[in-house]
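Peer 1: If it helps, the file is called data_11.pdb and holds PDB, C-alpha atoms, pLDDT in the B column:
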```pdb
MODEL        1
ATOM      1  CA  MET A   1       0.000   0.000   0.000  1.00 47.00           C
ATOM      2  CA  ALA A   2       1.023   3.616  -0.348  1.00 52.00           C
ATOM      3  CA  ASN A   3       2.783   5.510   2.413  1.00 60.00           C
ATOM      4  CA  LYS A   4      -0.373   6.656   4.059  1.00 68.00           C
ATOM      5  CA  GLY A   5      -1.343   6.788   7.692  1.00 68.00           C
ATOM      6  CA  PRO A   6      -4.445   5.175   9.143  1.00 72.00           C
ATOM      7  CA  SER A   7      -7.791   6.746   8.396  1.00 73.00           C
ATOM      8  CA  TYR A   8     -10.290   7.775  11.047  1.00 78.00           C
ATOM      9  CA  GLY A   9     -13.969   8.666  11.234  1.00 82.00           C
ATOM     10  CA  LEU A  10     -15.950   8.758   8.018  1.00 83.00           C
ATOM     11  CA  SER A  11     -12.899   7.947   5.871  1.00 79.00           C
ATOM     12  CA  ARG A  12     -12.371   4.801   7.919  1.00 80.00           C
ATOM     13  CA  GLN A  13     -16.025   3.778   7.563  1.00 83.00           C
ATOM     14  CA  VAL A  14     -15.932   4.272   3.799  1.00 80.00           C
ATOM     15  CA  GLN A  15     -12.705   2.249   3.456  1.00 78.00           C
ATOM     16  CA  ASP A  16     -14.138  -0.524   5.669  1.00 77.00           C
ATOM     17  CA  LYS A  17     -17.229  -0.682   3.449  1.00 78.00           C
ATOM     18  CA  ILE A  18     -15.052  -0.929   0.313  1.00 76.00           C
ATOM     19  CA  ASP A  19     -12.890  -3.608   1.963  1.00 76.00           C
ATOM     20  CA  SER A  20     -15.958  -5.654   2.923  1.00 76.00           C
ATOM     21  CA  LYS A  21     -16.822  -6.113  -0.772  1.00 74.00           C
ATOM     22  CA  TYR A  22     -13.636  -8.110  -1.378  1.00 77.00           C
ATOM     23  CA  ASP A  23     -14.516 -11.771  -2.004  1.00 75.00           C
ATOM     24  CA  GLN A  24     -12.050 -14.418  -0.773  1.00 80.00           C
ATOM     25  CA  GLU A  25     -13.689 -17.222  -2.787  1.00 84.00           C
ATOM     26  CA  LEU A  26     -13.590 -15.168  -5.978  1.00 84.00           C
ATOM     27  CA  GLU A  27      -9.907 -14.525  -5.299  1.00 84.00           C
ATOM     28  CA  LEU A  28      -9.248 -18.284  -5.332  1.00 87.00           C
ATOM     29  CA  VAL A  29     -11.099 -18.706  -8.649  1.00 87.00           C
ATOM     30  CA  LEU A  30      -9.294 -15.750 -10.235  1.00 87.00           C
ATOM     31  CA  VAL A  31      -5.868 -16.913  -9.049  1.00 88.00           C
ATOM     32  CA  GLU A  32      -6.506 -20.424 -10.368  1.00 88.00           C
ATOM     33  CA  TRP A  33      -7.716 -19.093 -13.729  1.00 85.00           C
ATOM     34  CA  ILE A  34      -4.872 -16.590 -14.186  1.00 87.00           C
ATOM     35  CA  SER A  35      -2.212 -19.149 -13.241  1.00 87.00           C
ATOM     36  CA  ARG A  36      -3.691 -21.651 -15.728  1.00 85.00           C
ATOM     37  CA  GLN A  37      -4.189 -19.038 -18.416  1.00 84.00           C
ATOM     38  CA  CYS A  38      -0.702 -17.546 -18.472  1.00 83.00           C
ATOM     39  CA  GLY A  39       1.380 -19.992 -16.435  1.00 80.00           C
ATOM     40  CA  ALA A  40       2.092 -17.552 -13.622  1.00 78.00           C
ATOM     41  CA  ASP A  41       3.070 -18.733 -10.142  1.00 80.00           C
ATOM     42  CA  LYS A  42       0.322 -18.484  -7.543  1.00 81.00           C
ATOM     43  CA  PRO A  43       0.591 -15.715  -4.926  1.00 81.00           C
ATOM     44  CA  GLU A  44       0.298 -15.962  -1.179  1.00 84.00           C
ATOM     45  CA  PRO A  45      -3.353 -16.284  -0.214  1.00 84.00           C
ATOM     46  CA  GLY A  46      -5.085 -13.153   0.976  1.00 84.00           C
ATOM     47  CA  LYS A  47      -5.698  -9.626  -0.104  1.00 84.00           C
ATOM     48  CA  ILE A  48      -2.124  -8.355   0.211  1.00 87.00           C
ATOM     49  CA  GLY A  49      -0.688 -11.352  -1.643  1.00 87.00           C
ATOM     50  CA  PHE A  50      -3.234 -10.844  -4.446  1.00 86.00           C
ATOM     51  CA  GLN A  51      -2.352  -7.157  -4.709  1.00 85.00           C
ATOM     52  CA  THR A  52       1.429  -7.653  -4.752  1.00 87.00           C
ATOM     53  CA  TRP A  53       1.043 -10.424  -7.363  1.00 88.00           C
ATOM     54  CA  LEU A  54      -0.782  -8.101  -9.769  1.00 86.00           C
ATOM     55  CA  LYS A  55       0.732  -4.769  -8.715  1.00 87.00           C
ATOM     56  CA  ASP A  56       3.590  -4.551 -11.230  1.00 87.00           C
ATOM     57  CA  GLY A  57       1.250  -5.260 -14.175  1.00 85.00           C
ATOM     58  CA  CYS A  58       3.329  -8.142 -15.605  1.00 87.00           C
ATOM     59  CA  VAL A  59       0.794 -10.868 -14.766  1.00 87.00           C
ATOM     60  CA  LEU A  60      -2.047  -8.713 -16.117  1.00 88.00           C
ATOM     61  CA  GLY A  61      -0.150  -8.111 -19.364  1.00 87.00           C
ATOM     62  CA  GLU A  62       0.514 -11.827 -19.767  1.00 87.00           C
ATOM     63  CA  LEU A  63      -3.159 -12.526 -19.083  1.00 87.00           C
ATOM     64  CA  ILE A  64      -4.538 -10.181 -21.740  1.00 87.00           C
ATOM     65  CA  ASN A  65      -1.904 -11.355 -24.242  1.00 85.00           C
ATOM     66  CA  SER A  66      -2.864 -14.999 -23.657  1.00 85.00           C
ATOM     67  CA  LEU A  67      -6.519 -14.199 -24.424  1.00 84.00           C
ATOM     68  CA  SER A  68      -5.733 -12.500 -27.726  1.00 81.00           C
ATOM     69  CA  ALA A  69      -5.624 -14.805 -30.735  1.00 76.00           C
ATOM     70  CA  GLY A  70      -3.773 -12.493 -33.144  1.00 77.00           C
ATOM     71  CA  ASP A  71      -1.514  -9.568 -32.295  1.00 82.00           C
ATOM     72  CA  LYS A  72      -0.533  -9.193 -28.662  1.00 81.00           C
ATOM     73  CA  PRO A  73      -2.139  -6.021 -27.230  1.00 80.00           C
ATOM     74  CA  VAL A  74       0.612  -5.413 -24.639  1.00 80.00           C
ATOM     75  CA  LYS A  75       3.822  -5.350 -26.645  1.00 80.00           C
ATOM     76  CA  LYS A  76       6.439  -4.945 -23.924  1.00 82.00           C
ATOM     77  CA  ILE A  77       6.095  -6.649 -20.546  1.00 81.00           C
ATOM     78  CA  GLN A  78       8.975  -6.144 -18.168  1.00 81.00           C
ATOM     79  CA  SER A  79       9.220  -6.246 -14.408  1.00 82.00           C
ATOM     80  CA  SER A  80      10.244  -2.965 -12.827  1.00 80.00           C
ATOM     81  CA  THR A  81      10.468  -1.577  -9.314  1.00 83.00           C
ATOM     82  CA  MET A  82       9.693   1.976 -10.444  1.00 85.00           C
ATOM     83  CA  ALA A  83       6.175   3.041  -9.567  1.00 84.00           C
ATOM     84  CA  PHE A  84       5.374   4.871 -12.794  1.00 84.00           C
ATOM     85  CA  LYS A  85       6.486   1.886 -14.906  1.00 87.00           C
ATOM     86  CA  GLN A  86       4.252  -0.458 -12.908  1.00 84.00           C
ATOM     87  CA  MET A  87       1.308   1.910 -13.189  1.00 88.00           C
ATOM     88  CA  GLU A  88       1.934   2.293 -16.921  1.00 90.00           C
ATOM     89  CA  GLN A  89       1.748  -1.486 -17.401  1.00 90.00           C
ATOM     90  CA  ILE A  90      -1.513  -1.602 -15.444  1.00 90.00           C
ATOM     91  CA  SER A  91      -2.866   1.162 -17.713  1.00 90.00           C
ATOM     92  CA  GLN A  92      -1.815  -0.812 -20.800  1.00 90.00           C
ATOM     93  CA  PHE A  93      -3.732  -3.813 -19.457  1.00 89.00           C
ATOM     94  CA  LEU A  94      -6.823  -1.658 -18.864  1.00 91.00           C
ATOM     95  CA  SER A  95      -6.801  -0.198 -22.378  1.00 91.00           C
ATOM     96  CA  ALA A  96      -6.236  -3.671 -23.879  1.00 89.00           C
ATOM     97  CA  ALA A  97      -9.100  -5.088 -21.785  1.00 89.00           C
ATOM     98  CA  GLU A  98     -11.374  -2.309 -23.011  1.00 91.00           C
ATOM     99  CA  LYS A  99     -10.456  -3.134 -26.623  1.00 89.00           C
ATOM    100  CA  TYR A 100     -11.154  -6.798 -25.835  1.00 86.00           C
ATOM    101  CA  GLY A 101     -14.708  -5.826 -24.854  1.00 86.00           C
ATOM    102  CA  VAL A 102     -14.794  -5.115 -21.112  1.00 88.00           C
ATOM    103  CA  THR A 103     -17.115  -2.150 -20.508  1.00 89.00           C
ATOM    104  CA  LYS A 104     -15.857   1.049 -18.886  1.00 91.00           C
ATOM    105  CA  THR A 105     -18.182   0.549 -15.933  1.00 90.00           C
ATOM    106  CA  ASP A 106     -16.546  -2.802 -15.148  1.00 88.00           C
ATOM    107  CA  MET A 107     -13.026  -1.320 -15.152  1.00 91.00           C
ATOM    108  CA  PHE A 108     -10.969  -0.534 -12.091  1.00 89.00           C
ATOM    109  CA  GLN A 109      -8.703   2.488 -11.865  1.00 90.00           C
ATOM    110  CA  THR A 110      -4.939   2.062 -11.746  1.00 88.00           C
ATOM    111  CA  VAL A 111      -4.702   3.344  -8.157  1.00 87.00           C
ATOM    112  CA  ASP A 112      -7.347   0.833  -7.034  1.00 86.00           C
ATOM    113  CA  LEU A 113      -4.796  -1.900  -7.636  1.00 85.00           C
ATOM    114  CA  TRP A 114      -1.497  -0.121  -7.156  1.00 85.00           C
ATOM    115  CA  GLU A 115      -2.398   1.509  -3.830  1.00 85.00           C
ATOM    116  CA  GLY A 116      -4.782  -1.266  -2.822  1.00 83.00           C
ATOM    117  CA  LYS A 117      -7.709   1.139  -2.418  1.00 83.00           C
ATOM    118  CA  ASP A 118     -10.394  -1.049  -4.010  1.00 85.00           C
ATOM    119  CA  LEU A 119      -9.324  -4.611  -4.757  1.00 88.00           C
ATOM    120  CA  ALA A 120     -12.975  -5.635  -5.146  1.00 88.00           C
ATOM    121  CA  ALA A 121     -13.069  -3.451  -8.278  1.00 89.00           C
ATOM    122  CA  VAL A 122     -10.010  -5.341  -9.563  1.00 90.00           C
ATOM    123  CA  GLN A 123     -11.877  -8.597  -8.966  1.00 88.00           C
ATOM    124  CA  ARG A 124     -14.917  -7.276 -10.865  1.00 89.00           C
ATOM    125  CA  THR A 125     -12.762  -6.323 -13.861  1.00 90.00           C
ATOM    126  CA  LEU A 126     -11.047  -9.705 -13.963  1.00 90.00           C
ATOM    127  CA  SER A 127     -14.421 -11.468 -13.635  1.00 89.00           C
ATOM    128  CA  ALA A 128     -15.819  -9.440 -16.526  1.00 89.00           C
ATOM    129  CA  LEU A 129     -12.742 -10.333 -18.576  1.00 88.00           C
ATOM    130  CA  GLY A 130     -13.212 -14.018 -17.758  1.00 87.00           C
ATOM    131  CA  SER A 131     -16.895 -13.847 -18.719  1.00 86.00           C
ATOM    132  CA  LEU A 132     -15.988 -12.294 -22.052  1.00 87.00           C
ATOM    133  CA  ALA A 133     -13.327 -14.928 -22.696  1.00 84.00           C
ATOM    134  CA  VAL A 134     -15.847 -17.726 -22.020  1.00 84.00           C
ATOM    135  CA  THR A 135     -18.481 -16.034 -24.186  1.00 82.00           C
ATOM    136  CA  LYS A 136     -16.232 -15.372 -27.196  1.00 80.00           C
ATOM    137  CA  GLU A 137     -15.270 -19.062 -27.561  1.00 75.00           C
ATOM    138  CA  GLU A 138     -12.117 -18.233 -29.540  1.00 75.00           C
ATOM    139  CA  GLY A 139     -10.236 -21.193 -28.111  1.00 71.00           C
ATOM    140  CA  THR A 140      -7.889 -19.019 -26.068  1.00 76.00           C
ATOM    141  CA  TYR A 141      -9.657 -19.510 -22.712  1.00 73.00           C
ATOM    142  CA  LYS A 142      -7.829 -22.053 -20.516  1.00 77.00           C
ATOM    143  CA  GLY A 143      -9.963 -22.743 -17.515  1.00 73.00           C
ATOM    144  CA  ASP A 144     -13.206 -24.198 -16.279  1.00 73.00           C
ATOM    145  CA  PRO A 145     -16.121 -22.575 -18.177  1.00 75.00           C
ATOM    146  CA  SER A 146     -18.277 -22.785 -15.032  1.00 72.00           C
ATOM    147  CA  TRP A 147     -16.033 -20.272 -13.226  1.00 80.00           C
ATOM    148  CA  PHE A 148     -17.554 -17.314 -15.066  1.00 77.00           C
ATOM    149  CA  PHE A 149     -20.974 -16.384 -16.385  1.00 71.00           C
ATOM    150  CA  LYS A 150     -21.501 -16.605 -20.099  1.00 74.00           C
ATOM    151  CA  LYS A 151     -22.805 -13.294 -21.403  1.00 73.00           C
ATOM    152  CA  ALA A 152     -26.036 -13.212 -23.379  1.00 69.00           C
ATOM    153  CA  GLN A 153     -25.785 -13.322 -27.164  1.00 71.00           C
ATOM    154  CA  GLU A 154     -28.034 -11.561 -29.643  1.00 74.00           C
ATOM    155  CA  ASN A 155     -30.867 -13.752 -30.884  1.00 76.00           C
ATOM    156  CA  LYS A 156     -32.143 -11.945 -33.958  1.00 80.00           C
ATOM    157  CA  ARG A 157     -35.413 -13.156 -35.458  1.00 82.00           C
ATOM    158  CA  ASP A 158     -36.676 -12.553 -38.977  1.00 84.00           C
ATOM    159  CA  PHE A 159     -40.434 -12.664 -39.452  1.00 82.00           C
ATOM    160  CA  SER A 160     -42.196 -12.755 -42.830  1.00 86.00           C
ATOM    161  CA  ASP A 161     -44.712 -10.063 -43.746  1.00 86.00           C
ATOM    162  CA  ASP A 162     -47.572 -12.547 -43.286  1.00 87.00           C
ATOM    163  CA  GLN A 163     -46.423 -13.328 -39.749  1.00 84.00           C
ATOM    164  CA  LEU A 164     -46.147  -9.620 -38.910  1.00 82.00           C
ATOM    165  CA  LYS A 165     -49.673  -8.947 -40.262  1.00 84.00           C
ATOM    166  CA  ALA A 166     -51.109 -11.872 -38.298  1.00 82.00           C
ATOM    167  CA  GLY A 167     -49.485 -10.537 -35.140  1.00 78.00           C
ATOM    168  CA  LYS A 168     -51.326  -7.218 -35.475  1.00 78.00           C
ATOM    169  CA  ASN A 169     -54.694  -8.952 -35.069  1.00 76.00           C
ATOM    170  CA  VAL A 170     -53.803 -10.607 -31.777  1.00 72.00           C
ATOM    171  CA  ILE A 171     -54.785  -8.755 -28.633  1.00 67.00           C
ATOM    172  CA  GLY A 172     -52.168  -9.333 -25.989  1.00 66.00           C
ATOM    173  CA  LEU A 173     -53.382 -10.210 -22.517  1.00 61.00           C
ATOM    174  CA  GLN A 174     -51.479  -7.270 -21.082  1.00 62.00           C
ATOM    175  CA  MET A 175     -53.701  -4.914 -23.040  1.00 63.00           C
ATOM    176  CA  GLY A 176     -56.783  -6.485 -21.538  1.00 62.00           C
ATOM    177  CA  SER A 177     -59.997  -7.573 -23.149  1.00 62.00           C
ATOM    178  CA  ASN A 178     -63.567  -6.499 -22.500  1.00 61.00           C
ATOM    179  CA  LYS A 179     -65.376  -9.343 -24.244  1.00 63.00           C
ATOM    180  CA  GLY A 180     -68.356 -10.401 -22.177  1.00 60.00           C
ATOM    181  CA  ALA A 181     -67.691  -7.872 -19.441  1.00 61.00           C
ATOM    182  CA  SER A 182     -70.198  -5.328 -18.179  1.00 64.00           C
ATOM    183  CA  GLN A 183     -70.883  -3.472 -14.987  1.00 65.00           C
ATOM    184  CA  GLU A 184     -74.358  -4.894 -14.631  1.00 67.00           C
ATOM    185  CA  GLY A 185     -75.078  -6.140 -11.138  1.00 64.00           C
ATOM    186  CA  MET A 186     -72.005  -4.521  -9.620  1.00 68.00           C
ATOM    187  CA  SER A 187     -72.614  -2.552  -6.463  1.00 67.00           C
ATOM    188  CA  TYR A 188     -70.035  -1.099  -4.138  1.00 70.00           C
ATOM    189  CA  GLY A 189     -71.828  -0.437  -0.880  1.00 69.00           C
ATOM    190  CA  ARG A 190     -74.686   1.977  -0.345  1.00 73.00           C
ATOM    191  CA  PRO A 191     -75.584   4.655  -2.889  1.00 72.00           C
ATOM    192  CA  ARG A 192     -74.626   8.253  -2.155  1.00 75.00           C
ATOM    193  CA  GLN A 193     -76.982  10.018   0.254  1.00 76.00           C
ATOM    194  CA  ILE A 194     -77.876  13.571  -0.698  1.00 79.00           C
ATOM    195  CA  LEU A 195     -79.594  15.527   2.077  1.00 72.00           C
TER     196      LEU A 195
ENDMDL
END
```
Take the structure in the file and write it out as structure tokens.
Peer 2:
Amino acid sequence: MANKGPSYGLSRQVQDKIDSKYDQELELVLVEWISRQCGADKPEPGKIGFQTWLKDGCVLGELINSLSAGDKPVKKIQSSTMAFKQMEQISQFLSAAEKYGVTKTDMFQTVDLWEGKDLAAVQRTLSALGSLAVTKEEGTYKGDPSWFFKKAQENKRDFSDDQLKAGKNVIGLQMGSNKGASQEGMSYGRPRQIL
């Protein structure tokens, strides 16, 4: 983590709430998948081990490169102790993941990983990446398909003109129907008394 003192009051409550979203079981699945996918050694179990494993960006670069069938999106992967180099590699992973198809809302920010501010966001990004890899079925995914959700695919339907015309005559049940209905015999209590 960064050289930062302990937080107190509201800042502490907010950080505790963010920390509570971190999922230990998801960490195990992600570590297993990433180590199978790119042949990386497994980290020490726990939040800090997970962060230090991914912090320099090398494992993330190897991961996104292993998912790409053609050109490798992260050209140069090298381990460095300099902070800006590590953060630059994390940024390269994020831009490559976005090109792969991960939505902006599923992305973590570089400081979330590097400073350890929100490791749950890192887990969400990696889960979204895994879901995309399972969904694309390009043959590059090396893991158990049941680890991630398969995203929905478009199911386009083509109807003929006759089918479309026939559909216009059908009254849907949500629109209601008044066949055979009347208000005859309906009474709601006593009639209004005018004095």
Peer 1: Just to confirm, what's the straight-line distance from atom CA of Gln109 of chain A to atom CA of Lys72 of chain A in Å (one decimal)?
Peer 2: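 Answer for the atom CA of Gln109 of chain A to atom CA of Lys72 of chain A separation: 22.0 Å.
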Peer 1: Taking all atoms listed in the file into account, which of A:Val14, A:Ala97, A:Leu132, A:Ile194 comes nearest Trp147 of chain A?
Peer 2: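 Closest candidate: A:Leu132.
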Peer 1: For Ile48 of chain A, which residue among A:Phe159, A:Tyr22, A:Tyr141, A:Phe108 is the nearest when counting only C-alpha atoms?
Peer 2: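 Counting only C-alpha atoms, the residue closest to Ile48 of chain A is A:Tyr22.
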Peer 1: Can you tell me how far atom CA of Val29 of chain A sits from atom CA of Lys42 of chain A, in Å to one decimal?
Peer 2: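 Answer for the atom CA of Val29 of chain A to atom CA of Lys42 of chain A separation: 11.5 Å.
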Peer 1: Could you give me the centre and size, in Å to one decimal, of an axis-aligned box around all listed atoms of segment 159-170 of chain A with 4 Å added on every side, as AutoDock Vina command-line options?
Peer 2:
```
--center_x -47.6 --center_y -10.3 --center_z -37.8 --size_x 22.3 --size_y 14.1 --size_z 20.0
```
Peer 1: Could you list, as a PDB file with C-alpha atoms, keeping the file's coordinate frame, every residue matched by the PyMOL selection byres ((chain A and resi 112) around 12) in this structure?
Peer 2:
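Wrote part.pdb, looks like this:
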```pdb
ATOM      1  CA  MET A   1       0.000   0.000   0.000  1.00 47.00           C
ATOM      2  CA  ALA A   2       1.023   3.616  -0.348  1.00 52.00           C
ATOM      3  CA  GLN A  15     -12.705   2.249   3.456  1.00 78.00           C
ATOM      4  CA  ILE A  18     -15.052  -0.929   0.313  1.00 76.00           C
ATOM      5  CA  ASP A  19     -12.890  -3.608   1.963  1.00 76.00           C
ATOM      6  CA  GLN A  51      -2.352  -7.157  -4.709  1.00 85.00           C
ATOM      7  CA  LEU A  54      -0.782  -8.101  -9.769  1.00 86.00           C
ATOM      8  CA  LYS A  55       0.732  -4.769  -8.715  1.00 87.00           C
ATOM      9  CA  MET A  87       1.308   1.910 -13.189  1.00 88.00           C
ATOM     10  CA  ILE A  90      -1.513  -1.602 -15.444  1.00 90.00           C
ATOM     11  CA  SER A  91      -2.866   1.162 -17.713  1.00 90.00           C
ATOM     12  CA  MET A 107     -13.026  -1.320 -15.152  1.00 91.00           C
ATOM     13  CA  PHE A 108     -10.969  -0.534 -12.091  1.00 89.00           C
ATOM     14  CA  GLN A 109      -8.703   2.488 -11.865  1.00 90.00           C
ATOM     15  CA  THR A 110      -4.939   2.062 -11.746  1.00 88.00           C
ATOM     16  CA  VAL A 111      -4.702   3.344  -8.157  1.00 87.00           C
ATOM     17  CA  LEU A 113      -4.796  -1.900  -7.636  1.00 85.00           C
ATOM     18  CA  TRP A 114      -1.497  -0.121  -7.156  1.00 85.00           C
ATOM     19  CA  GLU A 115      -2.398   1.509  -3.830  1.00 85.00           C
ATOM     20  CA  GLY A 116      -4.782  -1.266  -2.822  1.00 83.00           C
ATOM     21  CA  LYS A 117      -7.709   1.139  -2.418  1.00 83.00           C
ATOM     22  CA  ASP A 118     -10.394  -1.049  -4.010  1.00 85.00           C
ATOM     23  CA  LEU A 119      -9.324  -4.611  -4.757  1.00 88.00           C
ATOM     24  CA  ALA A 120     -12.975  -5.635  -5.146  1.00 88.00           C
ATOM     25  CA  ALA A 121     -13.069  -3.451  -8.278  1.00 89.00           C
ATOM     26  CA  VAL A 122     -10.010  -5.341  -9.563  1.00 90.00           C
ATOM     27  CA  GLN A 123     -11.877  -8.597  -8.966  1.00 88.00           C
ATOM     28  CA  ARG A 124     -14.917  -7.276 -10.865  1.00 89.00           C
ATOM     29  CA  THR A 125     -12.762  -6.323 -13.861  1.00 90.00           C
TER      30      THR A 125
END
```
Peer 1: Please determine the residues with any atom at most 12 Å from (4.0, -7.9, -10.6) (coordinates as given in the file, with only C-alpha atoms counting) and report them as a PyMOL selection string.
Peer 2: chain A and resi 40-43+49-62+77-83+85-87+89-90+113-114
Peer 1: Write out as a ChimeraX atom specification which residues come within 9 Å of Gly139 of chain A when counting all atoms listed in the file, dropping same-chain ones fewer than 6 positions away.
Peer 2: /A:67,69,133
Peer 1: Could you state the separation of atom CA of Lys150 of chain A and atom CA of Val134 of chain A in Å, given to one decimal place?
Peer 2: 6.1 Å
Peer 1: Apply the PyMOL selection byres ((chain A and resi 66) around 7) to the displayed file and report the matching residues as a count of residues only.
Peer 2: 9
Peer 1: With only C-alpha atoms as the atoms that count, which of A:Lys47, A:Thr135, A:Thr105, A:Tyr188 lies nearest to Ser20 of chain A?
Peer 2: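 Looking at the shortest contact to Ser20 of chain A, the residue is A:Lys47.
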Peer 1: Name the residues that the PyMOL selection byres ((chain A and resi 151-155) around 12) pulls out of this structure, and write them as a list in words.
Peer 2: Gly101, Val102, Ser127, Ala128, Leu129, Gly130, Ser131, Leu132, Ala133, Val134, Thr135, Lys136, Glu137, Pro145, Phe148, Phe149, Lys150, Lys156, Arg157 and Asp158 of chain A
Peer 1: Would you mind exporting C-alpha atoms of the selected residues as a short mmCIF file (atom, residue, chain, number, x, y, z; two decimals), in the frame of the given file?
Peer 2:
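The resulting file, out_33.cif, is reproduced below:
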```
data_model
loop_
_atom_site.label_atom_id
_atom_site.label_comp_id
_atom_site.auth_asym_id
_atom_site.auth_seq_id
_atom_site.Cartn_x
_atom_site.Cartn_y
_atom_site.Cartn_z
CA GLY A 101 -14.71 -5.83 -24.85
CA VAL A 102 -14.79 -5.12 -21.11
CA SER A 127 -14.42 -11.47 -13.64
CA ALA A 128 -15.82 -9.44 -16.53
CA LEU A 129 -12.74 -10.33 -18.58
CA GLY A 130 -13.21 -14.02 -17.76
CA SER A 131 -16.90 -13.85 -18.72
CA LEU A 132 -15.99 -12.29 -22.05
CA ALA A 133 -13.33 -14.93 -22.70
CA VAL A 134 -15.85 -17.73 -22.02
CA THR A 135 -18.48 -16.03 -24.19
CA LYS A 136 -16.23 -15.37 -27.20
CA GLU A 137 -15.27 -19.06 -27.56
CA PRO A 145 -16.12 -22.58 -18.18
CA PHE A 148 -17.55 -17.31 -15.07
CA PHE A 149 -20.97 -16.38 -16.39
CA LYS A 150 -21.50 -16.60 -20.10
CA LYS A 156 -32.14 -11.94 -33.96
CA ARG A 157 -35.41 -13.16 -35.46
CA ASP A 158 -36.68 -12.55 -38.98
#
```
Peer 1: Copy segment 9-38 of chain A out of the block into a file, keeping C-alpha atoms, as a PDB file, in the first residue's frame.
Peer 2:
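As written to disk, decode_34.pdb reads:
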```pdb
ATOM      1  CA  GLY A   9     -13.969   8.666  11.234  1.00  0.00           C
ATOM      2  CA  LEU A  10     -15.950   8.758   8.018  1.00  0.00           C
ATOM      3  CA  SER A  11     -12.899   7.947   5.871  1.00  0.00           C
ATOM      4  CA  ARG A  12     -12.371   4.801   7.919  1.00  0.00           C
ATOM      5  CA  GLN A  13     -16.025   3.778   7.563  1.00  0.00           C
ATOM      6  CA  VAL A  14     -15.932   4.272   3.799  1.00  0.00           C
ATOM      7  CA  GLN A  15     -12.705   2.249   3.456  1.00  0.00           C
ATOM      8  CA  ASP A  16     -14.138  -0.524   5.669  1.00  0.00           C
ATOM      9  CA  LYS A  17     -17.229  -0.682   3.449  1.00  0.00           C
ATOM     10  CA  ILE A  18     -15.052  -0.929   0.313  1.00  0.00           C
ATOM     11  CA  ASP A  19     -12.890  -3.608   1.963  1.00  0.00           C
ATOM     12  CA  SER A  20     -15.958  -5.654   2.923  1.00  0.00           C
ATOM     13  CA  LYS A  21     -16.822  -6.113  -0.772  1.00  0.00           C
ATOM     14  CA  TYR A  22     -13.636  -8.110  -1.378  1.00  0.00           C
ATOM     15  CA  ASP A  23     -14.516 -11.771  -2.004  1.00  0.00           C
ATOM     16  CA  GLN A  24     -12.050 -14.418  -0.773  1.00  0.00           C
ATOM     17  CA  GLU A  25     -13.689 -17.222  -2.787  1.00  0.00           C
ATOM     18  CA  LEU A  26     -13.590 -15.168  -5.978  1.00  0.00           C
ATOM     19  CA  GLU A  27      -9.907 -14.525  -5.299  1.00  0.00           C
ATOM     20  CA  LEU A  28      -9.248 -18.284  -5.332  1.00  0.00           C
ATOM     21  CA  VAL A  29     -11.099 -18.706  -8.649  1.00  0.00           C
ATOM     22  CA  LEU A  30      -9.294 -15.750 -10.235  1.00  0.00           C
ATOM     23  CA  VAL A  31      -5.868 -16.913  -9.049  1.00  0.00           C
ATOM     24  CA  GLU A  32      -6.506 -20.424 -10.368  1.00  0.00           C
ATOM     25  CA  TRP A  33      -7.716 -19.093 -13.729  1.00  0.00           C
ATOM     26  CA  ILE A  34      -4.872 -16.590 -14.186  1.00  0.00           C
ATOM     27  CA  SER A  35      -2.212 -19.149 -13.241  1.00  0.00           C
ATOM     28  CA  ARG A  36      -3.691 -21.651 -15.728  1.00  0.00           C
ATOM     29  CA  GLN A  37      -4.189 -19.038 -18.416  1.00  0.00           C
ATOM     30  CA  CYS A  38      -0.702 -17.546 -18.472  1.00  0.00           C
TER      31      CYS A  38
END
```
